[in-house]
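Single-structure report; data block below.
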Amino acid sequence: MPSQSSDLSVVLVTGSYDHEIRFWEAWSGICSRTIPRSGETGQVNRLSISPDKRYLAAAIHKKVNIYDIGSSASTPVVTFEGHTANVTSLCFHSGGKWLVTGMNDICIHPNQGELISCDQAGSIKQWDLTENVCTLELAPAGNVPIRSVTIASDGQCLVAGNNKGKCYVWKINPEGSPHPRFQALTKFPAHSKYLTRCLLSPDVKTLATCSADTTVKIWSISPNYEFKQEKVLIGHQRWVWDAAFSADSAYLVTASSDHVARLWEMATGETVRQYNGHHKAVVCCALHDGTGC
């Protein structure tokens, strides 16, 4: 996490069932801007910040609004429509040239040419973005819905979490390897209740899992991909829906149905800041404190 200045070096945003989108000063906990969306229907499901920190994408029911982060205007600069159901996932291209949206969780491979998606039927699919075809499909637990997928920043590991709280791990081998492209490594029960999000840290040393059990669990990852529970982040009072790591992997922001977002220090497992102001469940958060494009 960079310096404690109030400029756009740190962009922290939360979205809620109260329909509001709030920008926060990460260190002070002060809400610096609110997009009220008054008169507009649809709850905010997911948020994503463009790599250059210029735009915020907000998944709102069946559409996606794009807001100018540097502006004080509450109206979006553009709205994308076309989905026939709730949009729950967003992901920017690394250069900010395009945006992927989905009705289930998605992540873009670091090579920017492949997409990983999951669905309620229990499938995980790899898509070739050039050919626009599904090139591989996994079903680690039969028809148990896969809730979340996350890919390592180095493109070498994929983790998926399902509705029963279990995580599955694959090593992603390069093309031409004698091993399968997705080589199953391990699986482990992360939570006894519904898992809402799994997220690998930028340094690929940590996995965070969020759950209906009100906790966030932190798992260390060894060089040979052994996962060990290191900490349980306790403080939220209701379901924890979303999480976002800082660029240096030292902090984690979480969003919960208890109307609050929290900033956690990974070294201690303690809450160092709370973000209070939403009137209903906070279901999504986005943090960008790295170097812009």
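Ligands are numbered from 1 in the order shown, chains are lettered A, B, ... in the order of the structure tokens, and residues start at 1 in each chain.
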
Run DSSP on the backbone and give me the residues of segment 38-110 of chain A it puts in strand (DSSP E or B), as an MDAnalysis selection string. chainID A and resid 44:49 55:60 63:68 78:81 89:92 99:102 106:108

Nearby residues (only C-alpha atoms) at most 6 Å from Ile221 of chain A, same-chain spacing under 2 positions excluded, as a VMD selection string: chain A and resid 205 to 206 225 to 227

Selection above as a file: N, CA, C and O atoms, as a compact mmCIF listing (two decimals), in the first residue's frame:
```
# COMPACT_ATOMS: atom_id res chain seq x y z
N LYS A 205 1.85 -15.94 -3.05
CA LYS A 205 2.27 -16.61 -1.83
C LYS A 205 1.10 -16.88 -0.89
O LYS A 205 1.25 -17.58 0.12
N THR A 206 -0.07 -16.31 -1.23
CA THR A 206 -1.22 -16.38 -0.33
C THR A 206 -2.51 -16.56 -1.11
O THR A 206 -2.67 -16.01 -2.20
N TYR A 225 3.16 -25.79 -4.21
CA TYR A 225 1.71 -25.60 -4.16
C TYR A 225 1.03 -26.40 -3.05
O TYR A 225 -0.05 -26.98 -3.26
N GLU A 226 1.62 -26.43 -1.89
CA GLU A 226 0.94 -26.94 -0.71
C GLU A 226 0.28 -25.77 0.00
O GLU A 226 0.90 -24.73 0.22
N PHE A 227 -0.99 -25.93 0.35
CA PHE A 227 -1.77 -24.85 0.96
C PHE A 227 -1.94 -25.13 2.45
O PHE A 227 -2.41 -26.20 2.85
```

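By only C-alpha atoms, and with residues fewer than 4 positions from segment 37-40 of chain A along its chain excluded, the set lying at most 12 Å from it is A:Gly15, A:Ser16, A:Tyr17, A:Asp18, A:His19, A:Glu20, A:Ile21, A:Arg22, A:Val44, A:Ala58, A:Ile60, A:His61, A:Lys63, A:Asn65, A:Tyr67, A:Ala73, A:Ser74, A:Thr75, A:Pro76.
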
Writing out the chosen residues with C-alpha atoms as a short mmCIF file (atom, residue, chain, number, x, y, z; two decimals), in the first residue's frame:
```cif
data_model
loop_
_atom_site.label_atom_id
_atom_site.label_comp_id
_atom_site.auth_asym_id
_atom_site.auth_seq_id
_atom_site.Cartn_x
_atom_site.Cartn_y
_atom_site.Cartn_z
CA GLY A 15 -20.63 -1.30 -3.94
CA SER A 16 -23.75 -2.18 -2.01
CA TYR A 17 -27.32 -3.38 -2.14
CA ASP A 18 -28.19 0.21 -1.14
CA HIS A 19 -27.39 0.95 -4.84
CA GLU A 20 -24.55 3.32 -3.90
CA ILE A 21 -20.94 3.19 -5.06
CA ARG A 22 -18.51 4.75 -2.60
CA VAL A 44 -24.20 -3.21 -7.69
CA ALA A 58 -19.70 -1.45 -12.25
CA ILE A 60 -25.40 -3.47 -12.18
CA HIS A 61 -28.09 -6.09 -12.77
CA LYS A 63 -25.78 -3.90 -17.55
CA ASN A 65 -21.74 1.22 -16.20
CA TYR A 67 -17.55 5.81 -14.59
CA ALA A 73 -20.04 13.30 -12.12
CA SER A 74 -22.45 10.60 -11.01
CA THR A 75 -23.53 9.68 -14.53
CA PRO A 76 -21.62 6.96 -16.37
#
```

Test item: residues at most 10 Å from segment 101-113 of chain A, only C-alpha atoms, excluding those fewer than 6 positions along its chain, as a PyMOL selection string: chain A and resi 46+57+59+61-64+80+83-95+119-120+124-131+146-156+158+160+197

For a quick check of understanding, using only C-alpha atoms, which of A:Leu200, A:Cys284, A:Ala121, A:Val169 has the smallest distance to Ala247 of chain A?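 Of A:Leu200, A:Cys284, A:Ala121, A:Val169, the one nearest Ala247 of chain A, counting only C-alpha atoms, is A:Leu200.
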
Tell me which protein, DNA and RNA residues are within 7 Å of Leu199 of chain A, counting only C-alpha atoms, leaving out same-chain ones fewer than 5 positions away, and put them as an MDAnalysis selection string. chainID A and resid 150 207:209

Which residue, A:Pro178, A:Gly165, A:Gly29, A:Gly96, has the smallest gap to His191 of chain A when you use only C-alpha atoms?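 For His191 of chain A, the nearest of the given residues is A:Gly165.
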
What's the 10 Å shell around Thr268 of chain A, counting only C-alpha atoms, without same-chain residues fewer than 3 positions away, as a PyMOL selection string? chain A and resi 231+233+250+264-265+271-272

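Distances here use only C-alpha atoms; by that measure, the residue among A:Phe182, A:Lys280, A:Ser249, A:Tyr194 closest to Ala261 of chain A is A:Lys280.
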